[in-house]
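protein-v4.txt (compact mmCIF, C-alpha atoms) appears below.
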# COMPACT_ATOMS: atom_id res chain seq x y z
CA MET C 845 109.53 -93.62 -20.85
CA ALA C 846 110.05 -96.20 -23.59
CA ALA C 847 106.86 -97.91 -22.44
CA TYR C 848 104.95 -94.63 -22.80
CA LEU C 849 106.21 -94.21 -26.37
CA ALA C 850 105.25 -97.76 -27.28
CA ILE C 851 101.75 -97.37 -25.86
CA GLY C 852 101.36 -94.01 -27.58
CA SER C 853 102.38 -95.38 -30.97
CA PHE C 854 100.00 -98.30 -30.59
CA LEU C 855 97.01 -96.18 -29.57
CA ILE C 856 97.55 -93.61 -32.30
CA GLY C 857 97.81 -96.39 -34.87
CA VAL C 858 94.59 -97.94 -33.69
CA ALA C 859 92.85 -94.58 -33.56
CA GLY C 860 93.69 -93.93 -37.17
CA GLY C 861 92.01 -97.15 -38.26
CA THR C 862 88.73 -97.14 -36.31
CA ARG C 863 86.26 -94.61 -35.01
CA SER C 864 85.50 -96.68 -31.88
CA ILE C 865 88.71 -95.46 -30.28
CA ALA C 866 89.21 -91.88 -29.01
CA LYS C 867 90.64 -89.41 -31.46
CA PRO C 868 94.49 -89.21 -31.68
CA ARG C 869 94.53 -85.62 -30.36
CA LYS C 870 92.69 -86.68 -27.18
CA ILE C 871 95.06 -89.63 -26.73
CA LEU C 872 98.08 -87.36 -27.09
CA ARG C 873 96.72 -85.03 -24.41
CA THR C 874 96.30 -88.02 -22.06
CA LEU C 875 99.84 -89.21 -22.79
CA HIS C 876 101.19 -85.71 -22.21
CA ARG C 877 99.66 -85.68 -18.74
CA SER C 878 101.16 -89.12 -18.08
CA PHE C 879 104.59 -87.92 -19.24
CA SER C 880 104.37 -84.92 -16.90
CA HIS C 881 103.38 -87.18 -13.99
CA ALA C 882 106.33 -89.50 -14.68
CA ARG C 883 108.80 -86.63 -14.95
CA GLN C 884 107.56 -85.25 -11.62
CA HIS C 885 108.20 -88.61 -9.90
CA LEU C 886 111.62 -89.05 -11.47
CA SER C 887 112.72 -85.51 -10.63
CA GLU C 888 112.08 -86.23 -6.95
CA ILE C 889 114.63 -89.03 -6.95
CA GLY C 890 117.90 -87.81 -5.51
CA SER C 891 116.70 -84.24 -4.84
CA LYS C 892 115.41 -82.92 -1.52
CA LYS C 893 114.27 -79.48 -0.44
CA GLU C 894 116.05 -78.31 2.67
CA GLN C 895 113.13 -76.61 4.37
CA LEU C 896 114.60 -76.33 7.83
CA HIS C 897 112.40 -75.97 10.89
CA PRO C 898 113.30 -75.67 14.59
CA PRO C 899 113.43 -79.08 16.29
CA GLN C 900 110.24 -80.02 18.11
CA ILE C 901 109.96 -81.84 21.40
CA LYS C 902 108.56 -85.32 20.86
CA GLY C 903 107.40 -87.16 23.95
CA GLY C 904 106.09 -90.09 21.91
CA PHE C 905 104.30 -90.85 18.68
CA PRO C 906 101.10 -92.50 17.49
CA LEU C 907 101.39 -96.23 17.17
CA GLY C 908 99.35 -98.46 14.94
CA GLY C 909 99.35 -100.61 11.85
CA VAL C 910 98.90 -104.30 11.37
CA PHE C 911 101.44 -106.56 13.05
CA ARG C 912 103.00 -108.65 10.30
CA GLY C 913 106.39 -109.38 11.85
CA ARG C 914 106.31 -113.16 11.57
CA GLU C 915 105.29 -113.08 7.93
CA LEU C 916 108.05 -110.67 7.01
CA ARG C 917 110.62 -112.59 9.03
CA ALA C 918 110.10 -115.44 6.59
CA ARG C 919 110.81 -113.01 3.75
CA VAL C 920 114.04 -111.90 5.41
CA ALA C 921 115.01 -115.53 5.79
CA THR C 922 114.26 -116.08 2.10
CA SER C 923 116.43 -113.12 1.15
CA THR C 924 119.37 -114.34 3.22
CA ALA C 925 118.98 -117.85 1.85
CA THR C 926 118.99 -116.46 -1.67
CA SER C 927 122.16 -114.51 -0.85
CA SER C 928 123.82 -117.70 0.35
CA ASN C 929 122.73 -119.53 -2.80
CA ARG C 930 124.42 -116.81 -4.85
CA GLY C 931 127.66 -117.72 -3.14
CA MET C 932 127.69 -114.76 -0.74
CA SER C 933 129.78 -114.98 2.38
CA THR C 934 127.89 -115.07 5.69
CA LYS C 935 130.81 -113.65 7.63
CA THR C 936 130.27 -110.83 10.03
CA SER C 937 132.14 -107.57 9.61
CA SER C 938 134.77 -108.89 12.00
CA GLY C 939 135.55 -111.62 9.49
CA GLN C 940 134.32 -114.49 11.66
CA GLY C 941 132.16 -116.99 9.85
CA ASP C 942 129.05 -117.91 11.85
CA ASN C 943 125.27 -117.41 11.90
CA ARG C 944 125.14 -114.30 14.07
CA GLY C 945 124.39 -111.88 11.22
CA GLU C 946 123.66 -112.86 7.64
CA ALA C 947 125.54 -110.72 5.13
CA GLY C 948 123.04 -109.02 2.84
CA THR C 949 123.16 -106.89 -0.29
CA LEU C 950 121.52 -103.70 -1.45
CA GLU C 951 119.10 -105.79 -3.49
CA ASP C 952 118.06 -107.67 -0.34
CA ILE C 953 117.35 -104.37 1.44
CA LYS C 954 115.30 -103.07 -1.49
CA LYS C 955 113.20 -106.23 -1.55
CA ILE C 956 112.56 -106.31 2.18
CA ILE C 957 111.63 -102.62 2.41
CA SER C 958 109.32 -102.91 -0.60
CA GLN C 959 107.46 -105.74 1.17
CA SER C 960 107.13 -103.84 4.47
CA ASN C 961 104.54 -101.23 5.40
CA ASN C 962 105.14 -100.71 9.11
CA ILE C 963 108.87 -100.21 9.52
CA LEU C 964 110.40 -98.99 12.77
CA VAL C 965 113.71 -97.21 12.11
CA LEU C 966 116.29 -97.07 14.90
CA THR C 967 119.04 -94.55 14.13
CA GLY C 968 122.41 -93.83 15.68
CA ALA C 969 125.35 -91.49 15.29
CA GLY C 970 126.28 -92.98 11.92
CA CYS C 971 123.30 -91.15 10.44
CA SER C 972 124.63 -87.73 11.43
CA THR C 973 128.37 -87.93 10.83
CA ARG C 974 127.95 -86.69 7.25
CA SER C 975 126.25 -83.61 8.69
CA GLY C 976 129.46 -82.78 10.53
CA ILE C 977 128.42 -84.09 13.93
CA PRO C 978 130.98 -86.57 15.29
CA ASP C 979 130.09 -89.90 16.81
CA TYR C 980 131.50 -91.35 20.00
CA ARG C 981 132.82 -94.75 19.03
CA GLY C 982 133.80 -94.50 15.34
CA GLN C 983 137.39 -94.54 14.13
CA SER C 984 137.42 -90.73 14.17
CA GLY C 985 134.89 -90.37 17.01
CA SER C 986 135.21 -88.60 20.33
CA TYR C 987 136.52 -91.64 22.19
CA ALA C 988 139.27 -92.17 19.62
CA LYS C 989 140.40 -88.57 20.27
CA GLY C 990 140.49 -89.07 24.02
CA HIS C 991 137.25 -87.19 24.70
CA LYS C 992 135.00 -88.44 27.48
CA PRO C 993 131.35 -87.31 27.39
CA MET C 994 129.80 -85.46 30.29
CA GLU C 995 128.20 -87.64 32.98
CA HIS C 996 124.99 -86.73 34.77
CA ASP C 997 126.36 -86.67 38.32
CA GLN C 998 129.43 -84.78 37.15
CA PHE C 999 127.29 -82.04 35.62
CA ILE C 1000 124.85 -81.75 38.55
CA SER C 1001 127.40 -81.83 41.38
CA SER C 1002 130.12 -79.55 40.03
CA HIS C 1003 129.70 -75.84 39.25
CA GLU C 1004 133.20 -75.90 37.75
CA GLU C 1005 132.23 -78.65 35.32
CA ARG C 1006 129.15 -76.69 34.29
CA GLN C 1007 131.28 -73.61 33.69
CA ARG C 1008 133.63 -75.66 31.54
CA TYR C 1009 130.79 -77.20 29.52
CA TRP C 1010 128.94 -73.94 28.83
CA ALA C 1011 132.16 -72.11 27.97
CA ARG C 1012 133.01 -74.78 25.42
CA SER C 1013 129.45 -74.68 24.10
CA LEU C 1014 129.97 -71.04 23.07
CA LYS C 1015 132.13 -72.44 20.30
CA GLY C 1016 130.44 -75.79 19.67
CA TRP C 1017 126.75 -74.85 19.78
CA PRO C 1018 126.44 -72.59 16.68
CA PRO C 1019 127.66 -75.20 14.18
CA PHE C 1020 125.80 -77.95 16.04
CA TYR C 1021 122.54 -75.98 15.92
CA ASN C 1022 123.03 -74.96 12.28
CA SER C 1023 123.93 -78.44 11.03
CA LYS C 1024 121.78 -79.69 8.16
CA PRO C 1025 120.26 -83.10 7.42
CA ASN C 1026 122.09 -85.35 5.01
CA ALA C 1027 121.00 -88.07 2.59
CA ALA C 1028 120.22 -90.53 5.41
CA HIS C 1029 117.75 -88.19 7.14
CA TYR C 1030 116.04 -87.19 3.91
CA ALA C 1031 115.75 -90.80 2.72
CA ILE C 1032 114.17 -91.91 6.01
CA ALA C 1033 111.74 -88.97 5.84
CA GLU C 1034 110.85 -89.93 2.27
CA LEU C 1035 110.24 -93.55 3.27
CA GLU C 1036 107.91 -92.22 5.96
CA ARG C 1037 106.01 -90.10 3.42
CA MET C 1038 105.72 -93.14 1.15
CA GLY C 1039 103.99 -95.07 3.92
CA LYS C 1040 106.84 -97.52 4.55
CA VAL C 1041 108.22 -96.10 7.79
CA ARG C 1042 105.66 -95.63 10.58
CA ALA C 1043 107.97 -94.50 13.38
CA ILE C 1044 111.57 -93.43 14.01
CA ILE C 1045 113.46 -93.92 17.25
CA THR C 1046 116.73 -92.00 17.32
CA GLN C 1047 119.58 -92.16 19.78
CA ASN C 1048 120.83 -88.84 18.41
CA VAL C 1049 120.13 -85.52 20.11
CA ASP C 1050 120.71 -83.24 17.10
CA GLY C 1051 117.13 -82.83 15.82
CA LEU C 1052 118.15 -83.57 12.23
CA HIS C 1053 115.26 -85.99 11.60
CA GLN C 1054 112.83 -83.18 12.38
CA LYS C 1055 114.76 -80.79 10.14
CA ALA C 1056 114.35 -83.34 7.34
CA GLU C 1057 110.60 -83.18 8.09
CA SER C 1058 110.13 -86.63 9.59
CA LYS C 1059 106.94 -86.65 11.63
CA ASN C 1060 106.82 -89.59 14.06
CA VAL C 1061 110.15 -89.24 15.87
CA LEU C 1062 110.93 -90.46 19.37
CA GLU C 1063 114.18 -89.00 20.73
CA LEU C 1064 115.28 -91.83 23.00
CA HIS C 1065 118.08 -89.86 24.63
CA GLY C 1066 116.36 -86.47 24.54
CA THR C 1067 117.30 -83.38 22.53
CA ASN C 1068 120.05 -80.79 22.66
CA SER C 1069 117.64 -78.18 21.31
CA TYR C 1070 116.13 -77.59 24.76
CA ILE C 1071 117.33 -77.15 28.32
CA ARG C 1072 115.53 -78.24 31.48
CA CYS C 1073 115.72 -76.95 35.04
CA MET C 1074 116.85 -79.70 37.40
CA SER C 1075 114.80 -78.20 40.25
CA CYS C 1076 111.39 -77.16 38.89
CA GLY C 1077 111.39 -78.97 35.53
CA GLU C 1078 110.94 -75.79 33.45
CA LEU C 1079 111.71 -76.34 29.76
CA SER C 1080 113.29 -73.63 27.59
CA GLU C 1081 114.76 -73.28 24.11
CA ARG C 1082 118.49 -73.77 24.23
CA ASN C 1083 119.32 -71.37 21.41
CA ALA C 1084 117.92 -68.46 23.45
CA TYR C 1085 119.99 -69.57 26.44
CA GLN C 1086 123.12 -69.71 24.30
CA ARG C 1087 122.52 -66.12 23.20
CA LEU C 1088 122.23 -65.10 26.85
CA LEU C 1089 125.47 -66.95 27.64
CA SER C 1090 127.24 -65.13 24.81
CA ALA C 1091 126.01 -61.75 26.03
CA LEU C 1092 127.14 -62.43 29.62
CA ASN C 1093 130.52 -63.79 28.52
CA MET C 1094 131.37 -61.65 25.50
CA TRP C 1095 134.91 -61.19 26.76
CA TRP C 1096 135.38 -64.95 26.52
CA VAL C 1097 133.86 -65.15 23.07
CA LYS C 1098 136.15 -62.42 21.75
CA LYS C 1099 139.22 -63.92 23.36
CA HIS C 1100 138.75 -67.57 22.44
CA ASP C 1101 136.41 -67.94 19.52
CA LYS C 1102 135.64 -65.35 16.89
CA SER C 1103 134.06 -68.09 14.74
CA THR C 1104 131.12 -68.39 17.17
CA TYR C 1105 129.10 -65.94 15.12
CA VAL C 1106 130.26 -67.03 11.67
CA PRO C 1107 130.97 -70.76 12.02
CA GLU C 1108 133.08 -72.15 9.21
CA TRP C 1109 132.81 -75.84 8.48
CA ASN C 1110 136.49 -76.42 7.80
CA ILE C 1111 138.39 -79.57 8.66
CA LYS C 1112 140.07 -78.06 11.72
CA PHE C 1113 136.77 -76.90 13.18
CA ARG C 1114 135.15 -80.30 12.66
CA GLU C 1115 138.01 -81.88 14.55
CA GLN C 1116 137.19 -79.67 17.54
CA LEU C 1117 133.42 -80.21 17.60
CA ARG C 1118 131.99 -82.67 20.13
CA ALA C 1119 128.82 -84.76 20.00
CA ASP C 1120 127.59 -83.09 23.21
CA GLY C 1121 127.17 -79.72 21.47
CA ASP C 1122 130.39 -78.27 22.87
CA ALA C 1123 133.90 -78.13 21.40
CA GLU C 1124 137.51 -78.78 22.31
CA LEU C 1125 139.33 -75.60 23.38
CA GLY C 1126 142.60 -77.05 24.57
CA GLU C 1127 144.07 -77.75 27.99
CA GLY C 1128 144.93 -75.43 30.84
CA LEU C 1129 142.16 -72.86 30.34
CA ASP C 1130 140.65 -71.05 33.30
CA TYR C 1131 136.83 -71.27 33.30
CA SER C 1132 136.31 -69.80 36.76
CA GLN C 1133 135.03 -66.43 35.50
CA ILE C 1134 132.40 -67.90 33.17
CA ARG C 1135 128.93 -66.70 34.17
CA VAL C 1136 126.29 -69.44 34.02
CA PRO C 1137 122.74 -68.09 34.60
CA GLY C 1138 120.23 -70.22 36.48
CA CYS C 1139 116.55 -70.91 35.93
CA THR C 1140 114.49 -67.74 35.58
CA LYS C 1141 111.71 -69.24 37.73
CA CYS C 1142 113.54 -70.84 40.64
CA GLY C 1143 117.25 -70.20 40.13
CA GLY C 1144 117.93 -73.91 39.61
CA ILE C 1145 120.50 -75.57 37.35
CA TRP C 1146 119.86 -75.56 33.61
CA LYS C 1147 120.92 -78.77 31.90
CA PRO C 1148 120.60 -79.78 28.24
CA ASP C 1149 117.46 -81.92 27.95
CA VAL C 1150 119.45 -85.03 27.08
CA VAL C 1151 120.11 -88.28 28.89
CA TYR C 1152 123.73 -88.08 30.01
CA PHE C 1153 125.74 -91.15 30.89
CA GLY C 1154 124.62 -92.34 34.31
CA ASP C 1155 121.14 -90.84 33.86
CA THR C 1156 117.93 -92.80 33.20
CA ILE C 1157 115.47 -92.58 30.31
CA PRO C 1158 111.95 -91.50 31.37
CA LYS C 1159 109.63 -94.48 31.80
CA ASP C 1160 106.97 -93.18 29.41
CA ARG C 1161 109.62 -92.85 26.69
CA VAL C 1162 110.82 -96.41 27.30
CA ARG C 1163 107.23 -97.63 27.11
CA SER C 1164 106.58 -95.78 23.84
CA ALA C 1165 109.72 -97.28 22.31
CA SER C 1166 108.72 -100.78 23.37
CA GLU C 1167 105.21 -100.37 21.95
CA ALA C 1168 106.69 -99.15 18.68
CA VAL C 1169 108.75 -102.33 18.38
CA SER C 1170 105.74 -104.57 19.00
CA SER C 1171 103.67 -102.66 16.43
CA SER C 1172 106.23 -102.94 13.64
CA ASP C 1173 106.73 -105.51 10.90
CA LEU C 1174 110.45 -104.73 10.52
CA LEU C 1175 113.13 -103.18 12.72
CA LEU C 1176 115.59 -101.27 10.53
CA VAL C 1177 118.75 -100.23 12.41
CA CYS C 1178 120.63 -97.42 10.66
CA GLY C 1179 124.09 -96.16 11.58
CA SER C 1180 124.40 -97.66 15.04
CA SER C 1181 126.73 -100.25 16.53
CA LEU C 1182 124.15 -100.66 19.34
CA PRO C 1183 126.66 -100.25 22.18
CA VAL C 1184 124.27 -99.02 24.88
CA LEU C 1185 121.55 -101.11 26.47
CA SER C 1186 118.83 -98.48 25.94
CA SER C 1187 118.87 -99.15 22.19
CA PHE C 1188 120.09 -102.75 22.19
CA ARG C 1189 117.16 -103.84 24.36
CA LEU C 1190 114.87 -102.85 21.47
CA VAL C 1191 116.77 -105.24 19.22
CA LEU C 1192 116.49 -107.96 21.87
CA GLN C 1193 112.75 -107.32 22.10
CA ALA C 1194 112.32 -107.52 18.32
CA SER C 1195 114.20 -110.81 18.22
CA LYS C 1196 112.12 -112.23 21.09
CA GLU C 1197 108.89 -111.22 19.34
CA ASN C 1198 110.06 -112.70 16.01
CA ILE C 1199 110.14 -109.32 14.30
CA PRO C 1200 112.73 -109.34 11.50
CA ILE C 1201 115.81 -107.17 12.00
CA VAL C 1202 117.87 -105.48 9.30
CA VAL C 1203 121.05 -103.54 10.14
CA ILE C 1204 122.78 -101.00 7.89
CA ASN C 1205 126.05 -100.01 9.52
CA ILE C 1206 129.74 -99.79 8.75
CA GLY C 1207 131.54 -102.12 11.13
CA GLU C 1208 130.53 -104.79 13.60
CA THR C 1209 127.57 -104.26 15.91
CA ARG C 1210 126.54 -105.63 19.26
CA ALA C 1211 123.84 -107.68 17.53
CA GLU C 1212 126.57 -109.66 15.79
CA ARG C 1213 128.70 -110.09 18.89
CA GLU C 1214 125.75 -111.37 20.93
CA GLY C 1215 124.35 -113.68 18.29
CA ILE C 1216 121.07 -111.91 17.44
CA PRO C 1217 119.69 -113.25 14.10
CA HIS C 1218 119.49 -110.43 11.57
CA LEU C 1219 120.36 -109.34 8.05
CA LYS C 1220 123.43 -107.09 7.94
CA VAL C 1221 124.57 -104.73 5.18
CA ASP C 1222 127.98 -103.21 5.86
CA ALA C 1223 127.51 -99.92 4.03
CA GLU C 1224 126.98 -96.18 4.47
CA VAL C 1225 123.39 -95.43 5.46
CA GLY C 1226 122.66 -92.44 3.24
CA THR C 1227 123.65 -93.95 -0.10
CA THR C 1228 121.97 -97.25 0.77
CA LEU C 1229 118.62 -95.72 1.69
CA GLU C 1230 118.73 -93.28 -1.25
CA ALA C 1231 119.00 -96.28 -3.55
CA CYS C 1232 116.01 -97.87 -1.81
CA VAL C 1233 113.93 -94.72 -2.27
CA ALA C 1234 114.88 -94.52 -5.95
CA PHE C 1235 113.91 -98.18 -6.38
CA LEU C 1236 110.50 -97.65 -4.79
CA ARG C 1237 109.92 -94.50 -6.84
CA SER C 1238 110.73 -96.35 -10.05
CA ARG C 1239 108.21 -99.02 -9.11
CA GLU C 1240 105.56 -96.33 -8.55
CA VAL C 1241 106.23 -94.92 -12.00
CA MET C 1242 106.01 -98.34 -13.63
CA ASN C 1243 102.74 -99.03 -11.83
CA ASP C 1244 101.34 -95.81 -13.30
CA ILE C 1245 102.10 -96.93 -16.84

Since I need it in another form, could you write the structure as structure tokens?
Amino acid sequence: MAAYLAIGSFLIGVAGGTRSIAKPRKILRTLHRSFSHARQHLSEIGSKKEQLHPPQIKGGFPLGGVFRGRELRARVATSTATSSNRGMSTKTSSGQGDNRGEAGTLEDIKKIISQSNNILVLTGAGCSTRSGIPDYRGQSGSYAKGHKPMEHDQFISSHEERQRYWARSLKGWPPFYNSKPNAAHYAIAELERMGKVRAIITQNVDGLHQKAESKNVLELHGTNSYIRCMSCGELSERNAYQRLLSALNMWWVKKHDKSTYVPEWNIKFREQLRADGDAELGEGLDYSQIRVPGCTKCGGIWKPDVVYFGDTIPKDRVRSASEAVSSSDLLLVCGSSLPVLSSFRLVLQASKENIPIVVINIGETRAEREGIPHLKVDAEVGTTLEACVAFLRSREVMNDI
């Protein structure tokens, strides 16, 4: 703004002394339009409209862009070298000093993102915890509370296990479905709109990237927003199925969970919610009378359209993810410790193809433990990416001056 005032004062002064310059009134109108443009840009920083839309099935996304991975890798190396020259520690989050993951700063992330135009973002549970959806492996995650996620064979082979899961979902699904994106999702969507992020691969099944209006999203592990018949492959919206479940088991809803219809996001309720879309109801409950309707076409088993433990990711989805890595100039890992091979193999591929890797995550990751060269910022994803968006916006404003 100060630059606008300085330019305005200069132009008005010149206009008063010579007729070869536009009249002061015309100059002031031009400056007014520039002021309005600047205020519009600045007002967008830190504010997002929550225009929520139902999650959409994404089987893949368009790939493209110029491959500049090797060039940018040199920039990442320069950033990490600069950090070392500033006296920064190169210890990993576990405190061990080695070259597995260079410790970076927010300024390093800003610089690298500003120099990239074909970023592939890989997100994990750490992106959604601030939306109230628990992770598996965090300090307060499901594993830490003794919860074991449903396995594929367990779900398919046991009617009793399916009764248990769907009964628990009568409590867990409403808040899961109604969860809202947080700063991390909105910042990633904004980076996509700015032309920095070309594709997003998420390990999450909550649909929050789509709710934040990201476009090119590949759901690596599927989505909880749909169910699929294990016999005929029919796909159906899960929310409609949950309403049918509630109607068939209203006695259970009234007996065990009055909050199903008016979910309250209090601390106690968050403690009960599970990352699978169900919730903890306690031990010793009898699920034998729970009615679980089958497929309307063939009577087969409905299963959430997610990749359970022990299941396999569809080959076309794996291929799309691999192509996205090769087409990128930067792999940006957000909120994931990379524990499962399905996501870690993308990091391995990026390293093999000399594509630079940046990780934003609280705590040690598998990339550090297995010695994959990368830049690591141990910080919360949302606040970090918000700062990056604000930095890029401020540069746009300065370029308009």

What does the distance between atom CA of C:Tyr1009 and atom CA of C:Val1049 come to in Å, to one decimal place?
->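 Here the two named atoms are 16.5 Å from each other.
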
Contacts between stretch 959-975 of chain C and stretch 1148-1207 of chain C, please, where a residue of stretch 1148-1207 of chain C counts if it comes within 9 Å (with all atoms listed in the file); show its shortest atom pair and distance in Å to one decimal, rows by chain and ascending number, as JSON lines.
{"residue": "C:Ala1168", "atom": "CA", "partner": "C:Leu964", "partner_atom": "CA", "distance": 7.0}
{"residue": "C:Val1169", "atom": "CA", "partner": "C:Leu964", "partner_atom": "CA", "distance": 6.7}
{"residue": "C:Ser1171", "atom": "CA", "partner": "C:Asn962", "partner_atom": "CA", "distance": 7.7}
{"residue": "C:Ser1172", "atom": "CA", "partner": "C:Asn962", "partner_atom": "CA", "distance": 5.2}
{"residue": "C:Asp1173", "atom": "CA", "partner": "C:Asn962", "partner_atom": "CA", "distance": 5.4}
{"residue": "C:Leu1174", "atom": "CA", "partner": "C:Ile963", "partner_atom": "CA", "distance": 4.9}
{"residue": "C:Leu1175", "atom": "CA", "partner": "C:Leu964", "partner_atom": "CA", "distance": 5.0}
{"residue": "C:Leu1176", "atom": "CA", "partner": "C:Val965", "partner_atom": "CA", "distance": 4.7}
{"residue": "C:Val1177", "atom": "CA", "partner": "C:Leu966", "partner_atom": "CA", "distance": 4.7}
{"residue": "C:Cys1178", "atom": "CA", "partner": "C:Thr967", "partner_atom": "CA", "distance": 4.8}
{"residue": "C:Gly1179", "atom": "CA", "partner": "C:Gly970", "partner_atom": "CA", "distance": 3.9}
{"residue": "C:Ser1180", "atom": "CA", "partner": "C:Gly968", "partner_atom": "CA", "distance": 4.4}
{"residue": "C:Ser1181", "atom": "CA", "partner": "C:Gly968", "partner_atom": "CA", "distance": 7.8}
{"residue": "C:Leu1182", "atom": "CA", "partner": "C:Gly968", "partner_atom": "CA", "distance": 7.9}
{"residue": "C:Ser1187", "atom": "CA", "partner": "C:Leu966", "partner_atom": "CA", "distance": 8.0}
{"residue": "C:Leu1190", "atom": "CA", "partner": "C:Leu966", "partner_atom": "CA", "distance": 8.9}
{"residue": "C:Asn1205", "atom": "CA", "partner": "C:Gly970", "partner_atom": "CA", "distance": 7.4}
{"residue": "C:Ile1206", "atom": "CA", "partner": "C:Gly970", "partner_atom": "CA", "distance": 8.3}

Measuring atom to atom with only C-alpha atoms, identify which of C:Leu1236, C:Leu1219, C:Ile1134, C:Leu1035 is nearest to C:Glu1004.
-> C:Ile1134

Quick one, how far is atom CA of C:Ala947 from atom CA of C:Ala1194?
-> 18.9 Å

Do you know which residues lie at most 9 Å from (117.8, -111.4, 26.0), with coordinates as in the file and all atoms listed in the file counted, and could you write them as a list in words?
->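 Protein, DNA and RNA residues close to (117.8, -111.4, 26.0): Arg1189, Leu1192, Gln1193, Ser1195 and Lys1196 of chain C.
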
Work out how far atom CA of C:Pro978 is from atom CA of C:Glu946, in Å to one decimal.
->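 Pair atom CA of C:Glu946 / atom CA of C:Pro978 returns 28.3 Å.
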